[in-house]
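The file entry-v4.cif contains mmCIF, C-alpha atoms (C1' of nucleotides):
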```
data_input
loop_
_atom_site.label_atom_id
_atom_site.label_comp_id
_atom_site.auth_asym_id
_atom_site.auth_seq_id
_atom_site.Cartn_x
_atom_site.Cartn_y
_atom_site.Cartn_z
CA MET A 98 96.35 93.79 61.08
CA ALA A 99 93.01 92.67 62.46
CA LYS A 100 90.98 95.72 63.24
CA SER A 101 87.90 93.98 64.49
CA VAL A 102 87.70 91.67 67.43
CA SER A 103 84.56 92.29 69.39
CA LYS A 104 82.78 94.75 67.11
CA PRO A 105 82.60 93.44 63.54
CA PRO A 106 79.38 95.22 62.52
CA LYS A 107 80.96 98.53 61.58
CA ARG A 108 84.32 100.14 61.56
CA ALA A 109 85.79 99.44 64.93
CA VAL A 110 87.58 102.30 66.54
CA ARG A 111 91.22 101.90 65.71
CA GLY A 112 93.16 100.81 68.72
CA SER A 113 90.08 99.39 70.33
CA THR A 114 91.63 95.98 70.02
CA SER A 115 94.50 96.98 72.25
CA GLY A 116 92.38 97.18 75.37
CA ARG A 117 93.63 100.70 75.90
CA PRO A 118 90.62 103.00 75.98
CA ILE A 119 92.74 106.07 75.44
CA MET A 120 93.82 104.72 72.05
CA ALA A 121 90.27 104.15 70.98
CA LEU A 122 89.34 107.62 72.13
CA LEU A 123 92.28 109.28 70.41
CA ASP A 124 91.40 107.50 67.21
CA LEU A 125 87.78 108.54 67.41
CA LEU A 126 88.61 112.15 68.17
CA GLY A 127 91.31 112.13 65.51
CA ARG A 128 88.86 111.56 62.71
CA ARG A 129 88.05 114.51 60.55
CA TRP A 130 85.28 116.78 61.86
CA THR A 131 84.85 114.86 65.10
CA LEU A 132 86.42 117.49 67.34
CA ARG A 133 84.69 120.23 65.41
CA ILE A 134 81.30 118.61 65.87
CA LEU A 135 81.79 118.25 69.60
CA TRP A 136 82.89 121.84 69.73
CA GLU A 137 79.90 123.19 67.84
CA LEU A 138 77.58 121.31 70.18
CA ARG A 139 79.30 122.73 73.22
CA GLU A 140 76.49 125.01 74.33
CA ARG A 141 73.44 124.08 72.33
CA SER A 142 71.86 121.28 70.38
CA LEU A 143 71.85 121.58 66.61
CA THR A 144 69.90 119.89 63.86
CA SER A 145 72.00 117.91 61.43
CA ARG A 146 71.59 120.63 58.86
CA ALA A 147 72.42 123.44 61.23
CA LEU A 148 75.45 121.46 62.30
CA ARG A 149 76.47 121.19 58.68
CA GLU A 150 76.37 124.95 58.27
CA ALA A 151 78.28 125.43 61.50
CA CYS A 152 80.97 123.12 60.16
CA ASP A 153 81.71 125.18 57.06
CA ASP A 154 79.21 123.15 55.04
CA ALA A 155 81.10 119.93 55.37
CA SER A 156 79.69 117.21 53.17
CA PRO A 157 76.75 115.36 54.67
CA THR A 158 78.39 112.04 53.94
CA VAL A 159 81.22 112.42 56.43
CA LEU A 160 79.11 114.35 58.83
CA GLN A 161 76.55 111.59 59.07
CA ALA A 162 79.35 109.07 59.42
CA ARG A 163 80.83 111.03 62.31
CA LEU A 164 77.46 111.54 63.94
CA SER A 165 77.00 107.82 63.74
CA ASP A 166 80.43 107.22 65.27
CA LEU A 167 79.76 109.67 68.06
CA ARG A 168 76.39 108.13 68.75
CA ASP A 169 77.91 104.67 68.93
CA ALA A 170 80.42 106.11 71.32
CA GLY A 171 77.63 107.47 73.47
CA LEU A 172 78.93 111.02 73.30
CA ILE A 173 76.04 112.58 71.44
CA ALA A 174 72.39 111.71 70.96
CA LEU A 175 69.57 112.74 68.71
CA GLY A 176 66.83 114.50 70.64
CA PRO A 177 63.74 116.50 69.74
CA ASP A 178 65.77 119.64 69.02
CA GLY A 179 68.54 117.95 67.08
CA TYR A 180 71.87 116.53 68.11
CA GLY A 181 73.18 117.24 71.56
CA LEU A 182 75.80 116.07 73.98
CA THR A 183 75.01 113.23 76.32
CA ASP A 184 76.14 113.33 79.92
CA THR A 185 79.26 111.47 78.93
CA GLY A 186 79.74 113.82 76.01
CA ARG A 187 79.53 116.76 78.34
CA GLU A 188 82.16 115.23 80.57
CA LEU A 189 84.43 115.07 77.56
CA GLN A 190 83.51 118.62 76.69
CA ASP A 191 84.66 119.78 80.11
CA THR A 192 88.01 118.26 79.32
CA PHE A 193 88.19 120.29 76.16
CA LEU A 194 87.03 123.68 77.32
CA PRO A 195 90.49 124.89 78.32
CA LEU A 196 91.38 124.31 74.68
CA HIS A 197 89.75 127.58 73.73
CA ARG A 198 92.00 129.68 75.86
CA PHE A 199 95.00 127.69 74.80
CA ALA A 200 94.12 128.32 71.17
CA GLU A 201 94.27 132.06 71.78
CA ARG A 202 97.69 131.90 73.37
CA TRP A 203 98.92 129.49 70.73
CA SER A 204 97.75 131.75 67.94
CA LYS A 205 99.62 134.67 69.43
CA SER A 206 102.79 132.68 69.93
CA LEU A 207 102.58 131.67 66.27
CA ALA A 208 102.14 135.23 65.10
CA ALA A 209 104.95 136.39 67.32
CA GLY A 210 107.28 133.54 66.50
CA MET B 296 88.19 128.47 48.93
CA ALA B 297 91.36 130.34 49.73
CA LYS B 298 93.18 128.39 52.37
CA SER B 299 96.19 130.62 52.64
CA VAL B 300 96.35 134.11 53.95
CA SER B 301 99.51 134.68 55.88
CA LYS B 302 101.25 131.34 55.33
CA PRO B 303 101.19 130.39 51.65
CA PRO B 304 104.18 127.99 51.70
CA LYS B 305 102.28 124.84 52.62
CA ARG B 306 98.82 123.63 53.39
CA ALA B 307 97.30 126.15 55.75
CA VAL B 308 95.37 124.83 58.67
CA ARG B 309 91.74 124.66 57.69
CA GLY B 310 89.79 127.38 59.38
CA SER B 311 92.86 129.49 59.81
CA THR B 312 91.31 132.03 57.46
CA SER B 313 88.43 132.59 59.82
CA GLY B 314 90.52 134.39 62.37
CA ARG B 315 89.28 131.95 64.98
CA PRO B 316 92.30 130.19 66.44
CA ILE B 317 90.16 127.46 67.95
CA MET B 318 89.06 126.40 64.48
CA ALA B 319 92.60 126.17 63.24
CA LEU B 320 93.54 124.18 66.31
CA LEU B 321 90.60 121.81 66.01
CA ASP B 322 91.44 121.20 62.39
CA LEU B 323 95.06 120.51 63.16
CA LEU B 324 94.24 118.15 66.00
CA GLY B 325 91.52 116.51 63.94
CA ARG B 326 93.95 115.20 61.37
CA ARG B 327 94.74 111.55 61.51
CA TRP B 328 97.53 110.59 63.93
CA THR B 329 97.98 114.11 65.26
CA LEU B 330 96.45 113.47 68.66
CA ARG B 331 98.17 110.13 68.85
CA ILE B 332 101.56 111.67 68.15
CA LEU B 333 101.11 114.28 70.84
CA TRP B 334 100.04 111.56 73.20
CA GLU B 335 103.03 109.35 72.53
CA LEU B 336 105.35 112.26 73.16
CA ARG B 337 103.69 113.05 76.43
CA GLU B 338 106.54 111.96 78.68
CA ARG B 339 109.57 111.44 76.50
CA SER B 340 111.09 112.41 73.21
CA LEU B 341 111.09 109.84 70.44
CA THR B 342 112.99 109.47 67.21
CA SER B 343 110.84 109.48 64.12
CA ARG B 344 111.31 105.76 63.80
CA ALA B 345 110.49 105.02 67.42
CA LEU B 346 107.44 107.22 67.05
CA ARG B 347 106.38 105.17 64.07
CA GLU B 348 106.52 101.99 66.10
CA ALA B 349 104.64 103.62 68.95
CA CYS B 350 101.91 104.58 66.50
CA ASP B 351 101.18 101.03 65.38
CA ASP B 352 103.63 101.37 62.50
CA ALA B 353 101.69 104.09 60.78
CA SER B 354 103.03 104.84 57.33
CA PRO B 355 105.98 107.22 57.31
CA THR B 356 104.27 109.35 54.68
CA VAL B 357 101.50 110.61 56.93
CA LEU B 358 103.64 110.60 59.97
CA GLN B 359 106.18 112.92 58.40
CA ALA B 360 103.37 115.10 57.14
CA ARG B 361 101.93 115.38 60.64
CA LEU B 362 105.33 115.99 62.19
CA SER B 363 105.76 118.77 59.70
CA ASP B 364 102.33 120.19 60.57
CA LEU B 365 103.06 120.02 64.27
CA ARG B 366 106.43 121.65 63.82
CA ASP B 367 104.90 124.47 61.81
CA ALA B 368 102.41 124.85 64.62
CA GLY B 369 105.23 125.12 67.11
CA LEU B 370 103.94 122.25 69.19
CA ILE B 371 106.83 119.87 68.68
CA ALA B 372 110.47 120.27 67.72
CA LEU B 373 113.27 118.05 66.56
CA GLY B 374 116.03 117.91 69.14
CA PRO B 375 119.14 115.82 69.66
CA ASP B 376 117.15 112.91 71.08
CA GLY B 377 114.36 112.98 68.50
CA TYR B 378 111.02 114.72 68.47
CA GLY B 379 109.75 116.30 71.63
CA LEU B 380 107.14 118.73 72.83
CA THR B 381 107.92 122.41 72.89
CA ASP B 382 106.84 124.58 75.79
CA THR B 383 103.69 125.42 73.89
CA GLY B 384 103.18 121.76 73.09
CA ARG B 385 103.47 120.91 76.73
CA GLU B 386 100.84 123.50 77.54
CA LEU B 387 98.54 121.75 75.13
CA GLN B 388 99.48 118.43 76.65
CA ASP B 389 98.38 119.65 80.06
CA THR B 390 95.01 120.33 78.52
CA PHE B 391 94.83 116.77 77.34
CA LEU B 392 96.00 114.86 80.36
CA PRO B 393 92.54 114.54 81.94
CA LEU B 394 91.61 112.71 78.74
CA HIS B 395 93.24 109.57 80.02
CA ARG B 396 91.01 109.26 83.03
CA PHE B 397 87.98 110.17 80.99
CA ALA B 398 88.83 107.41 78.52
CA GLU B 399 88.72 104.87 81.32
CA ARG B 400 85.30 105.99 82.50
CA TRP B 401 84.04 106.25 78.96
CA SER B 402 85.19 102.75 78.17
CA LYS B 403 83.34 101.39 81.18
CA SER B 404 80.17 103.27 80.36
CA LEU B 405 80.31 101.79 76.88
CA ALA B 406 80.75 98.27 78.15
CA ALA B 407 77.98 98.78 80.66
CA GLY B 408 75.67 100.62 78.35
"C1'" DC C 150 47.49 119.98 48.67
"C1'" DG C 151 51.94 122.88 48.51
"C1'" DA C 152 55.79 124.55 50.99
"C1'" DT C 153 59.30 123.70 54.04
"C1'" DA C 154 62.38 121.16 57.23
"C1'" DT C 155 63.96 117.01 59.18
"C1'" DG C 156 67.56 112.85 59.14
"C1'" DC C 157 69.85 110.38 55.97
"C1'" DT C 158 71.72 108.15 51.50
"C1'" DA C 159 73.80 107.60 46.39
"C1'" DC C 160 77.37 108.34 43.59
"C1'" DA C 161 81.07 110.32 40.76
"C1'" DT C 162 85.21 112.94 41.68
"C1'" DA C 163 89.00 114.65 44.36
"C1'" DT C 164 91.85 114.18 48.24
"C1'" DT C 165 94.38 111.61 51.64
"C1'" DA C 166 96.30 107.41 53.83
"C1'" DT C 167 98.68 102.88 53.45
"C1'" DG C 168 102.50 99.92 52.60
"C1'" DT C 169 106.83 99.04 50.65
"C1'" DA C 170 111.01 100.50 49.19
"C1'" DG C 171 114.84 103.39 49.20
"C1'" DC C 172 117.51 107.87 49.40
"C1'" DG C 173 121.52 110.81 51.47
"C1'" DA C 174 123.66 111.97 55.82
"C1'" DC C 175 125.69 110.84 59.98
"C1'" DC C 176 127.82 107.87 63.32
"C1'" DT C 177 130.45 103.99 64.95
"C1'" DG C 178 134.08 100.15 64.89
"C1'" DC C 179 137.50 98.12 62.32
"C1'" DG D 67 137.88 104.14 54.06
"C1'" DC D 68 134.52 101.20 54.08
"C1'" DA D 69 131.07 97.84 56.08
"C1'" DG D 70 127.10 98.15 59.19
"C1'" DG D 71 123.99 100.54 61.75
"C1'" DT D 72 120.90 104.45 62.53
"C1'" DC D 73 118.90 108.90 61.52
"C1'" DG D 74 115.10 112.06 59.08
"C1'" DC D 75 112.74 111.96 55.10
"C1'" DT D 76 110.80 110.88 50.30
"C1'" DA D 77 108.65 108.19 45.93
"C1'" DC D 78 105.11 105.80 44.25
"C1'" DA D 79 101.37 102.58 43.35
"C1'" DT D 80 97.18 101.01 45.71
"C1'" DA D 81 93.51 101.33 48.96
"C1'" DA D 82 90.60 104.02 51.79
"C1'" DT D 83 88.07 108.57 52.85
"C1'" DA D 84 86.28 112.98 51.97
"C1'" DT D 85 83.92 116.28 48.88
"C1'" DG D 86 80.10 118.11 46.42
"C1'" DT D 87 75.74 117.67 44.37
"C1'" DA D 88 71.52 115.67 44.16
"C1'" DG D 89 67.75 113.42 46.03
"C1'" DC D 90 64.95 110.19 49.03
"C1'" DA D 91 61.22 109.37 52.71
"C1'" DT D 92 59.07 111.35 56.52
"C1'" DA D 93 56.96 114.98 59.25
"C1'" DT D 94 54.93 119.57 60.23
"C1'" DC D 95 52.49 123.54 59.15
"C1'" DG D 96 49.40 126.53 56.46
#
```

Can I see the file as structure tokens?
Amino acid sequence: MAKSVSKPPKRAVRGSTSGRPIMALLDLLGRRWTLRILWELRERSLTSRALREACDDASPTVLQARLSDLRDAGLIALGPDGYGLTDTGRELQDTFLPLHRFAERWSKSLAAG
Amino acid sequence: MAKSVSKPPKRAVRGSTSGRPIMALLDLLGRRWTLRILWELRERSLTSRALREACDDASPTVLQARLSDLRDAGLIALGPDGYGLTDTGRELQDTFLPLHRFAERWSKSLAAG
DNA sequence: CGATATGCTACATATTATGTAGCGACCTGC
DNA sequence: GCAGGTCGCTACATAATATGTAGCATATCG
């Protein structure tokens, strides 16, 4: 299974060879800590270390890897006050905001069920 | 780190101990293949084998693990025609549908950028 | 200079995924 | 009633990732 076609330098996003952007996106977001990172950056920029604390002290190794992935994807960027969402990242964020309310309902349906 | 509070039987969703449903949800969705599975089930039920094919022949080991996770979470269920979204799962799906269009724009902004 | 914070990396260990094979159960058609 | 097919699911060895701890080089502030 060739995973790299047009982007050999690093790990290509899985599914990126299919020409279906949604697959590449789902793969990126499906990596550990990725969603959490985007969530923690939802309303403020955070330094890499502050982000680490916010993410239950996840190991810096993966965190840096994900930050690198997300930067390559153009969803976050490193500014003067730490990591923050780009315009594109904020677009994605808007897609995810309803998730919060869903999570509440979901949690209750789990407890009830 | 105690990962189980109210559901000792299996692996508890990470962050489920925090009392913040969003964390539990983000952890669940952030596991490999989870988002992809939900996506593939978006408009039809699939047998576990058909789902495997749809997911680029992912290994049955993880796939079954994720199906189990998603069933515990009440997002999918095994019916007569294979795995399908529950009502709650479909609610979540609705949250994710805009992702498709975003992926298209994102892909273009990457190519352009 | 000393103290502190930044982004980031090394590396040994634990955890998780991959790939291949195969199980028992349940349908068919013969 | 027994081949032949599918179903959901599991075992197990190997490869890939994550974890946790430590530390680097740089920058800022006193």

Sorted by chain and rising residue number, which residues of chain C lie within 10 Å of chain A, and what are their closest atom pairs and distances in Å to one decimal, counting only C-alpha atoms (C1' of nucleotides), as JSON lines?
```
{"residue": "C:DA154", "atom": "C1'", "partner": "A:Arg146", "partner_atom": "CA", "distance": 9.4}
{"residue": "C:DT155", "atom": "C1'", "partner": "A:Thr144", "partner_atom": "CA", "distance": 8.1}
{"residue": "C:DG156", "atom": "C1'", "partner": "A:Ser145", "partner_atom": "CA", "distance": 7.1}
{"residue": "C:DC157", "atom": "C1'", "partner": "A:Gln161", "partner_atom": "CA", "distance": 7.5}
{"residue": "C:DT158", "atom": "C1'", "partner": "A:Thr158", "partner_atom": "CA", "distance": 8.1}
{"residue": "C:DA159", "atom": "C1'", "partner": "A:Thr158", "partner_atom": "CA", "distance": 9.9}
```

If I wrap all listed atoms of range 156-175 of chain C in a box with edges along x, y and z and add 5 Å on each side, what are its centre and edge lengths in Å to one decimal, as lines of an AutoDock Vina configuration file?
```
center_x = 96.6
center_y = 106.8
center_z = 50.4
size_x = 68.1
size_y = 25.6
size_z = 29.2
```

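In this structure, CA of Asp191 in chain A sits 13.6 Å away from CA of Trp401 in chain B.
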
- List the residues matched by the PyMOL selection byres ((chain A) within 8 of (chain D)) in the displayed structure as a ChimeraX atom specification, ordered by chain and then by residue number. /A:155-156,159

Least-squares superpose chain B onto chain A - every C-alpha atom, paired in order - and show me the moved coordinates as a tab-separated table (two decimals) with C-alpha atoms, keeping the file's coordinate frame.
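Dumped everything to superposed-v7.tsv:
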```tsv
chain	number	residue	atom	x	y	z
B	296	MET	CA	94.89	93.61	60.91
B	297	ALA	CA	91.75	92.61	62.72
B	298	LYS	CA	89.91	95.76	63.61
B	299	SER	CA	86.93	94.15	65.23
B	300	VAL	CA	86.81	92.21	68.41
B	301	SER	CA	83.66	92.92	70.31
B	302	LYS	CA	81.88	95.20	67.84
B	303	PRO	CA	81.92	93.68	64.35
B	304	PRO	CA	78.91	95.58	62.94
B	305	LYS	CA	80.77	98.64	61.71
B	306	ARG	CA	84.22	100.10	61.54
B	307	ALA	CA	85.77	99.58	64.93
B	308	VAL	CA	87.70	102.43	66.40
B	309	ARG	CA	91.32	101.99	65.50
B	310	GLY	CA	93.31	100.90	68.48
B	311	SER	CA	90.26	99.48	70.15
B	312	THR	CA	91.83	96.04	69.85
B	313	SER	CA	94.73	97.08	72.03
B	314	GLY	CA	92.66	97.21	75.16
B	315	ARG	CA	93.88	100.75	75.71
B	316	PRO	CA	90.85	103.02	75.80
B	317	ILE	CA	92.96	106.11	75.29
B	318	MET	CA	94.04	104.82	71.89
B	319	ALA	CA	90.49	104.21	70.80
B	320	LEU	CA	89.54	107.66	72.01
B	321	LEU	CA	92.45	109.36	70.28
B	322	ASP	CA	91.60	107.61	67.06
B	323	LEU	CA	87.97	108.60	67.28
B	324	LEU	CA	88.77	112.21	68.05
B	325	GLY	CA	91.47	112.26	65.40
B	326	ARG	CA	89.02	111.69	62.59
B	327	ARG	CA	88.19	114.64	60.46
B	328	TRP	CA	85.39	116.87	61.80
B	329	THR	CA	84.98	114.91	65.02
B	330	LEU	CA	86.52	117.52	67.29
B	331	ARG	CA	84.76	120.26	65.39
B	332	ILE	CA	81.38	118.59	65.82
B	333	LEU	CA	81.87	118.20	69.54
B	334	TRP	CA	82.92	121.80	69.72
B	335	GLU	CA	79.90	123.11	67.86
B	336	LEU	CA	77.61	121.18	70.17
B	337	ARG	CA	79.29	122.59	73.21
B	338	GLU	CA	76.44	124.81	74.34
B	339	ARG	CA	73.39	123.86	72.33
B	340	SER	CA	71.88	121.06	70.35
B	341	LEU	CA	71.84	121.37	66.58
B	342	THR	CA	69.93	119.66	63.83
B	343	SER	CA	72.07	117.77	61.38
B	344	ARG	CA	71.56	120.50	58.84
B	345	ALA	CA	72.38	123.31	61.23
B	346	LEU	CA	75.45	121.38	62.27
B	347	ARG	CA	76.48	121.16	58.65
B	348	GLU	CA	76.31	124.92	58.29
B	349	ALA	CA	78.22	125.40	61.52
B	350	CYS	CA	80.95	123.16	60.16
B	351	ASP	CA	81.64	125.27	57.08
B	352	ASP	CA	79.18	123.21	55.04
B	353	ALA	CA	81.15	120.02	55.35
B	354	SER	CA	79.81	117.29	53.10
B	355	PRO	CA	76.89	115.39	54.58
B	356	THR	CA	78.61	112.10	53.81
B	357	VAL	CA	81.40	112.51	56.33
B	358	LEU	CA	79.27	114.38	58.74
B	359	GLN	CA	76.75	111.57	58.95
B	360	ALA	CA	79.58	109.09	59.28
B	361	ARG	CA	81.04	111.04	62.19
B	362	LEU	CA	77.65	111.49	63.82
B	363	SER	CA	77.24	107.76	63.58
B	364	ASP	CA	80.69	107.20	65.11
B	365	LEU	CA	79.97	109.61	67.92
B	366	ARG	CA	76.62	108.03	68.60
B	367	ASP	CA	78.17	104.58	68.74
B	368	ALA	CA	80.67	106.03	71.17
B	369	GLY	CA	77.86	107.33	73.32
B	370	LEU	CA	79.13	110.88	73.18
B	371	ILE	CA	76.21	112.42	71.34
B	372	ALA	CA	72.57	111.49	70.86
B	373	LEU	CA	69.74	112.50	68.60
B	374	GLY	CA	66.99	114.18	70.57
B	375	PRO	CA	63.86	116.12	69.72
B	376	ASP	CA	65.82	119.31	69.03
B	377	GLY	CA	68.60	117.68	67.02
B	378	TYR	CA	71.96	116.32	68.04
B	379	GLY	CA	73.26	117.03	71.49
B	380	LEU	CA	75.90	115.87	73.91
B	381	THR	CA	75.16	113.00	76.23
B	382	ASP	CA	76.27	113.09	79.84
B	383	THR	CA	79.42	111.28	78.83
B	384	GLY	CA	79.89	113.67	75.94
B	385	ARG	CA	79.60	116.58	78.29
B	386	GLU	CA	82.26	115.06	80.50
B	387	LEU	CA	84.54	114.97	77.50
B	388	GLN	CA	83.56	118.52	76.66
B	389	ASP	CA	84.68	119.66	80.09
B	390	THR	CA	88.06	118.20	79.27
B	391	PHE	CA	88.20	120.28	76.14
B	392	LEU	CA	87.01	123.64	77.35
B	393	PRO	CA	90.47	124.89	78.37
B	394	LEU	CA	91.37	124.37	74.71
B	395	HIS	CA	89.71	127.62	73.80
B	396	ARG	CA	91.95	129.73	75.96
B	397	PHE	CA	94.98	127.78	74.89
B	398	ALA	CA	94.09	128.43	71.25
B	399	GLU	CA	94.18	132.15	71.89
B	400	ARG	CA	97.62	132.02	73.48
B	401	TRP	CA	98.87	129.65	70.84
B	402	SER	CA	97.68	131.91	68.07
B	403	LYS	CA	99.52	134.85	69.59
B	404	SER	CA	102.71	132.88	70.07
B	405	LEU	CA	102.54	131.91	66.42
B	406	ALA	CA	102.07	135.46	65.26
B	407	ALA	CA	104.85	136.62	67.52
B	408	GLY	CA	107.17	133.77	66.82
```

- Item | Between CA of Leu143 in chain A and CA of Leu164 in chain A, distance in Å (one decimal) | 11.8 Å

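From CA of Arg337 in chain B back to CA of Leu207 in chain A, the distance works out to 21.2 Å.
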
- Task: Expand the PyMOL selection byres ((chain B) within 8 of (chain A)) into the individual residues it matches in the shown file, reporting them as JSON, numbers by chain.
- Result: {"B": [316, 317, 318, 320, 321, 322, 324, 325, 326, 327, 328, 329, 330, 331, 368, 369, 383, 386, 387, 390, 391, 393, 394, 395, 397, 398, 399, 401, 402, 405]}

Start from the incomplete input, build N, CA and C atoms for range 375-398 of chain B, and deliver everything as a compact mmCIF listing (two decimals), in the frame of the given file.
```txt
# COMPACT_ATOMS: atom_id res chain seq x y z
N PRO B 375 118.07 116.81 69.78
CA PRO B 375 119.14 115.82 69.66
C PRO B 375 118.68 114.39 69.94
N ASP B 376 117.65 114.25 70.77
CA ASP B 376 117.15 112.91 71.08
C ASP B 376 115.81 112.64 70.42
N GLY B 377 115.59 113.24 69.26
CA GLY B 377 114.36 112.98 68.50
C GLY B 377 113.33 114.09 68.67
N TYR B 378 112.08 113.75 68.38
CA TYR B 378 111.02 114.72 68.47
C TYR B 378 110.51 114.84 69.90
N GLY B 379 110.25 116.06 70.29
CA GLY B 379 109.75 116.30 71.63
C GLY B 379 108.83 117.51 71.64
N LEU B 380 108.06 117.62 72.70
CA LEU B 380 107.14 118.73 72.83
C LEU B 380 107.88 120.03 73.11
N THR B 381 107.41 121.09 72.53
CA THR B 381 107.92 122.41 72.89
C THR B 381 107.20 122.88 74.14
N ASP B 382 107.54 124.05 74.63
CA ASP B 382 106.84 124.58 75.79
C ASP B 382 105.36 124.73 75.48
N THR B 383 105.08 125.26 74.29
CA THR B 383 103.69 125.42 73.89
C THR B 383 103.01 124.06 73.77
N GLY B 384 103.73 123.11 73.21
CA GLY B 384 103.18 121.76 73.09
C GLY B 384 102.86 121.16 74.44
N ARG B 385 103.70 121.46 75.41
CA ARG B 385 103.47 120.91 76.73
C ARG B 385 102.25 121.56 77.38
N GLU B 386 102.06 122.83 77.06
CA GLU B 386 100.84 123.50 77.54
C GLU B 386 99.60 122.78 77.03
N LEU B 387 99.66 122.46 75.74
CA LEU B 387 98.54 121.75 75.13
C LEU B 387 98.38 120.37 75.77
N GLN B 388 99.49 119.74 76.01
CA GLN B 388 99.48 118.43 76.65
C GLN B 388 98.75 118.47 77.98
N ASP B 389 99.03 119.51 78.76
CA ASP B 389 98.38 119.65 80.06
C ASP B 389 96.87 119.68 79.91
N THR B 390 96.43 120.27 78.80
CA THR B 390 95.01 120.33 78.52
C THR B 390 94.44 118.94 78.27
N PHE B 391 95.30 118.07 77.77
CA PHE B 391 94.83 116.77 77.34
C PHE B 391 94.99 115.66 78.37
N LEU B 392 95.72 115.93 79.42
CA LEU B 392 96.00 114.86 80.36
C LEU B 392 94.75 114.27 81.01
N PRO B 393 93.75 115.11 81.34
CA PRO B 393 92.54 114.54 81.94
C PRO B 393 91.85 113.55 81.00
N LEU B 394 92.25 113.58 79.73
CA LEU B 394 91.61 112.71 78.74
C LEU B 394 91.81 111.24 79.10
N HIS B 395 92.93 110.96 79.69
CA HIS B 395 93.24 109.57 80.02
C HIS B 395 92.22 108.99 80.99
N ARG B 396 91.97 109.75 82.04
CA ARG B 396 91.01 109.26 83.03
C ARG B 396 89.61 109.21 82.45
N PHE B 397 89.30 110.20 81.62
CA PHE B 397 87.98 110.17 80.99
C PHE B 397 87.83 108.92 80.14
N ALA B 398 88.89 108.58 79.41
CA ALA B 398 88.83 107.41 78.52
C ALA B 398 88.49 106.15 79.30
```
